[in-house]
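Before any comments, here is the structure.
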Amino acid sequence: MEKYIESIFGELKELTQEGKVADYIPALGNANPNNLGIGIYDNNGNYFSFGDDEVKFTIQSISKPLVLLLALIELGEEAVFDKVGMEPTGDPFNSIIRLETFDKRKPLNPLINAGAISVVSLINGKDNIERIEKILNFIRLLADNENINVDTSVFLSEKVTGDRNRSMIYFLKSIGNINGNVDEILDLYFMQCAIKANCRDLARIGLVLANRGYDPVRQEQIIPKRPVQIINAMMTTCGMYDESGEFAVKVGIPAKSGVGGGILCAVPRQYGIGVYGPSLDKKGNSIAGFKLLEALSNAFDLSIF
Ligand code: GLU
């Protein structure tokens, strides 16, 4: 696999010229559009990487399945899915249209912004310091890396510009979907999105997800199996925005992307993969990252279907 990636990497790197770095959160606009990196952990715990795999970026929407996982472990399936549905939308991640038309009580799924805001509102803690510490510690556990933190400048950049998310949370409050202080919950959501990681971290987390909560490196069950199965299913159906169907057909791996340019992938019982390429297509997915995963999936028969 290493040789294969090496042979196609140059060509794929050209694709970083296409697309655009997200800048609706101004601080994300500082990313280098030419970056492309991939990190892969296999089930024996071997790691290999190419390109800009050490570059740190904010995980943005990749935080959504991870906070969902934490909420499922803490509160259980029933409590979580009382607040959020399980169905893909086919709409952009920040769309508000179906909040009123589909189900008048809850967002369609936990991986769109409205659903993720609803999920993070469930995380208990005496204040946001305690809550974000809990989220960070959970992600540190999954990534087996103590050095995972929030990028304060990206957090603040989204806090001052995130009006659409602000509108969403007020709507959610008006329909009784969330309790609590809207500013506090929104801050927590922006903080979870601004958590920094690199390809290696994503690959490491992917490996744990690929093994339903068992970590082949530490050789122990880190988290229970059932919540991992749930988030893997959600990632398969809703993980790549309104390109999830195309990604399922062309790549066929449970995955979650973020507008920071990252993609987290879990190839069941085989690999955890982290990709970084901040030049995005119109739907918000890394252009070169998508193609790289497509090539890998085809060459090594990685599709789960
Ligand atoms: N913080 C971003 C937002 O809410 C996350 C979007 C994403 O990565 O899809 O707009």
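Ordered as shown in the structure tokens, chains take letters A, B, and onward, while each chain numbers its residues from 1 and ligands are numbered from 1 in the order shown.
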For chain A against ligand 1, with a cut-off of 10 Å and counting only C-alpha atoms and all ligand atoms, what is the closest atom pair and its distance in Å to one decimal for every residue that makes the cut, ordered by chain and number, as CSV?
residue,atom,partner,partner_atom_place_in_ligand_line,distance
A:Ala22,CA,ligand 1,8 (O),9.3
A:Tyr24,CA,ligand 1,10 (O),8.1
A:Ile25,CA,ligand 1,10 (O),7.5
A:Thr58,CA,ligand 1,8 (O),8.8
A:Ile59,CA,ligand 1,8 (O),7.1
A:Gln60,CA,ligand 1,8 (O),4.1
A:Ser61,CA,ligand 1,8 (O),3.6
A:Ile62,CA,ligand 1,8 (O),6.7
A:Ser63,CA,ligand 1,8 (O),8.4
A:Lys64,CA,ligand 1,5 (C),8.7
A:Pro92,CA,ligand 1,9 (O),8.7
A:Phe93,CA,ligand 1,9 (O),5.8
A:Asn94,CA,ligand 1,10 (O),6.3
A:Leu111,CA,ligand 1,9 (O),8.4
A:Ile112,CA,ligand 1,9 (O),7.5
A:Asn113,CA,ligand 1,4 (O),5.7
A:Ala114,CA,ligand 1,4 (O),8.8
A:Ala116,CA,ligand 1,4 (O),8.9
A:Ile117,CA,ligand 1,4 (O),8.9
A:Val154,CA,ligand 1,1 (N),9.2
A:Phe155,CA,ligand 1,1 (N),8.5
A:Glu158,CA,ligand 1,1 (N),6.9
A:Lys159,CA,ligand 1,1 (N),9.3
A:Thr161,CA,ligand 1,10 (O),9.8
A:Gly162,CA,ligand 1,10 (O),7.2
A:Asp163,CA,ligand 1,10 (O),9.6
A:Arg164,CA,ligand 1,10 (O),8.1
A:Asn165,CA,ligand 1,4 (O),6.3
A:Arg166,CA,ligand 1,4 (O),9.7
A:Leu186,CA,ligand 1,4 (O),9.6
A:Tyr189,CA,ligand 1,1 (N),7.6
A:Phe190,CA,ligand 1,1 (N),5.8
A:Met191,CA,ligand 1,1 (N),8.6
A:Gln192,CA,ligand 1,1 (N),8.2
A:Cys193,CA,ligand 1,1 (N),5.0
A:Ala194,CA,ligand 1,1 (N),7.2
A:Gly239,CA,ligand 1,9 (O),9.6
A:Met240,CA,ligand 1,9 (O),8.8
A:Tyr241,CA,ligand 1,9 (O),7.5
A:Lys256,CA,ligand 1,8 (O),9.3
A:Ser257,CA,ligand 1,8 (O),6.8
A:Gly258,CA,ligand 1,8 (O),3.6
A:Val259,CA,ligand 1,8 (O),3.9
A:Gly260,CA,ligand 1,8 (O),6.3
A:Gly261,CA,ligand 1,8 (O),8.2
A:Gly262,CA,ligand 1,8 (O),8.8
A:Lys283,CA,ligand 1,9 (O),9.2
A:Gly284,CA,ligand 1,9 (O),6.8
A:Asn285,CA,ligand 1,9 (O),8.6
Check: Skipping near chain neighbours, those fewer than 5 positions away, what residues fall within 7 Å of region 134-142 of chain A using only C-alpha atoms, listed as a PyMOL selection string?
Finding: chain A and resi 67+148-149+205+208
Using all heavy atoms, can you write the selected residues to a file as a PDB file, in the first residue's frame?
ATOM      1  N   VAL A  67     -18.234  13.511  19.542  1.00  0.00           N
ATOM      2  CA  VAL A  67     -19.055  13.987  20.669  1.00  0.00           C
ATOM      3  C   VAL A  67     -20.339  13.146  20.753  1.00  0.00           C
ATOM      4  O   VAL A  67     -20.822  12.846  21.848  1.00  0.00           O
ATOM      5  CB  VAL A  67     -19.354  15.501  20.530  1.00  0.00           C
ATOM      6  CG1 VAL A  67     -20.315  15.972  21.612  1.00  0.00           C
ATOM      7  CG2 VAL A  67     -18.042  16.302  20.606  1.00  0.00           C
ATOM      8  N   ILE A 148      -3.796  17.007  22.634  1.00  0.00           N
ATOM      9  CA  ILE A 148      -4.863  17.483  21.755  1.00  0.00           C
ATOM     10  C   ILE A 148      -5.588  18.608  22.478  1.00  0.00           C
ATOM     11  O   ILE A 148      -6.042  18.441  23.609  1.00  0.00           O
ATOM     12  CB  ILE A 148      -5.784  16.316  21.363  1.00  0.00           C
ATOM     13  CG1 ILE A 148      -5.019  15.420  20.380  1.00  0.00           C
ATOM     14  CG2 ILE A 148      -7.096  16.806  20.764  1.00  0.00           C
ATOM     15  CD1 ILE A 148      -5.778  14.285  19.799  1.00  0.00           C
ATOM     16  N   ASN A 149      -5.671  19.758  21.804  1.00  0.00           N
ATOM     17  CA  ASN A 149      -6.226  20.950  22.443  1.00  0.00           C
ATOM     18  C   ASN A 149      -7.076  21.755  21.472  1.00  0.00           C
ATOM     19  O   ASN A 149      -7.132  21.444  20.282  1.00  0.00           O
ATOM     20  CB  ASN A 149      -5.067  21.827  22.957  1.00  0.00           C
ATOM     21  CG  ASN A 149      -4.375  21.169  24.132  1.00  0.00           C
ATOM     22  OD1 ASN A 149      -4.981  20.932  25.171  1.00  0.00           O
ATOM     23  ND2 ASN A 149      -3.112  20.807  23.941  1.00  0.00           N
ATOM     24  N   ILE A 205      -7.612   7.372  15.806  1.00  0.00           N
ATOM     25  CA  ILE A 205      -9.016   7.301  16.232  1.00  0.00           C
ATOM     26  C   ILE A 205      -9.763   6.339  15.301  1.00  0.00           C
ATOM     27  O   ILE A 205     -10.549   5.494  15.746  1.00  0.00           O
ATOM     28  CB  ILE A 205      -9.677   8.699  16.203  1.00  0.00           C
ATOM     29  CG1 ILE A 205      -8.996   9.635  17.201  1.00  0.00           C
ATOM     30  CG2 ILE A 205     -11.172   8.599  16.480  1.00  0.00           C
ATOM     31  CD1 ILE A 205      -9.405  11.108  17.076  1.00  0.00           C
ATOM     32  N   VAL A 208      -9.473   2.692  16.185  1.00  0.00           N
ATOM     33  CA  VAL A 208     -10.334   2.272  17.307  1.00  0.00           C
ATOM     34  C   VAL A 208     -11.781   2.089  16.812  1.00  0.00           C
ATOM     35  O   VAL A 208     -12.463   1.117  17.178  1.00  0.00           O
ATOM     36  CB  VAL A 208     -10.255   3.290  18.470  1.00  0.00           C
ATOM     37  CG1 VAL A 208     -11.256   2.951  19.568  1.00  0.00           C
ATOM     38  CG2 VAL A 208      -8.837   3.340  19.051  1.00  0.00           C
TER      39      VAL A 208
END
Could you produce a table of the residues of region 167-212 of chain A lying within 12 Å of region 70-83 of chain A, with the nearest pair of atoms per residue and their separation in Å rounded to one decimal, using only C-alpha atoms, ordered by chain and increasing residue number, as a Markdown table?
| residue | atom | partner | partner_atom | distance |
| --- | --- | --- | --- | --- |
| A:Leu172 | CA | A:Lys83 | CA | 10.1 |
| A:Lys173 | CA | A:Lys83 | CA | 11.7 |
| A:Ile175 | CA | A:Lys83 | CA | 11.1 |
| A:Gly176 | CA | A:Lys83 | CA | 9.6 |
| A:Asn177 | CA | A:Lys83 | CA | 6.3 |
| A:Ile178 | CA | A:Lys83 | CA | 8.1 |
| A:Asn179 | CA | A:Lys83 | CA | 11.0 |
Just list the residues in region 49-204 of chain A DSSP gives strand (DSSP E) on the backbone, as a PDB file with N, CA, C and O atoms, in the first residue's frame.
ATOM      1  N   SER A  49       2.830   7.031   6.537  1.00  0.00           N
ATOM      2  CA  SER A  49       2.230   8.313   6.167  1.00  0.00           C
ATOM      3  C   SER A  49       2.908   8.893   4.939  1.00  0.00           C
ATOM      4  O   SER A  49       4.023   8.496   4.581  1.00  0.00           O
ATOM      5  N   PHE A  50       2.211   9.839   4.338  1.00  0.00           N
ATOM      6  CA  PHE A  50       2.760  10.568   3.194  1.00  0.00           C
ATOM      7  C   PHE A  50       2.388  12.029   3.283  1.00  0.00           C
ATOM      8  O   PHE A  50       1.327  12.366   3.806  1.00  0.00           O
ATOM      9  N   GLY A  51       3.239  12.857   2.733  1.00  0.00           N
ATOM     10  CA  GLY A  51       2.923  14.276   2.582  1.00  0.00           C
ATOM     11  C   GLY A  51       2.827  14.988   3.912  1.00  0.00           C
ATOM     12  O   GLY A  51       3.599  14.727   4.841  1.00  0.00           O
ATOM     13  N   PHE A  57      -4.557  20.770  12.049  1.00  0.00           N
ATOM     14  CA  PHE A  57      -5.702  21.517  11.518  1.00  0.00           C
ATOM     15  C   PHE A  57      -6.861  21.328  12.488  1.00  0.00           C
ATOM     16  O   PHE A  57      -6.813  20.430  13.346  1.00  0.00           O
ATOM     17  N   THR A  58      -7.882  22.162  12.371  1.00  0.00           N
ATOM     18  CA  THR A  58      -9.018  21.967  13.282  1.00  0.00           C
ATOM     19  C   THR A  58      -9.958  20.916  12.684  1.00  0.00           C
ATOM     20  O   THR A  58     -10.206  20.907  11.475  1.00  0.00           O
ATOM     21  N   LYS A 196      -7.742  20.755  17.599  1.00  0.00           N
ATOM     22  CA  LYS A 196      -6.677  20.549  16.605  1.00  0.00           C
ATOM     23  C   LYS A 196      -6.162  19.117  16.620  1.00  0.00           C
ATOM     24  O   LYS A 196      -5.968  18.525  17.676  1.00  0.00           O
ATOM     25  N   ALA A 197      -5.906  18.597  15.423  1.00  0.00           N
ATOM     26  CA  ALA A 197      -5.338  17.252  15.305  1.00  0.00           C
ATOM     27  C   ALA A 197      -4.547  17.174  14.004  1.00  0.00           C
ATOM     28  O   ALA A 197      -4.562  18.124  13.219  1.00  0.00           O
TER      29      ALA A 197
END
Note to self: Please return, as a ChimeraX atom specification, all residues of region 37-147 of chain A that DSSP assigns to helix (DSSP H, G or I) on the basis of the backbone.
What the structure shows: /A:60-75,77-81,97-101,113-120,128-143
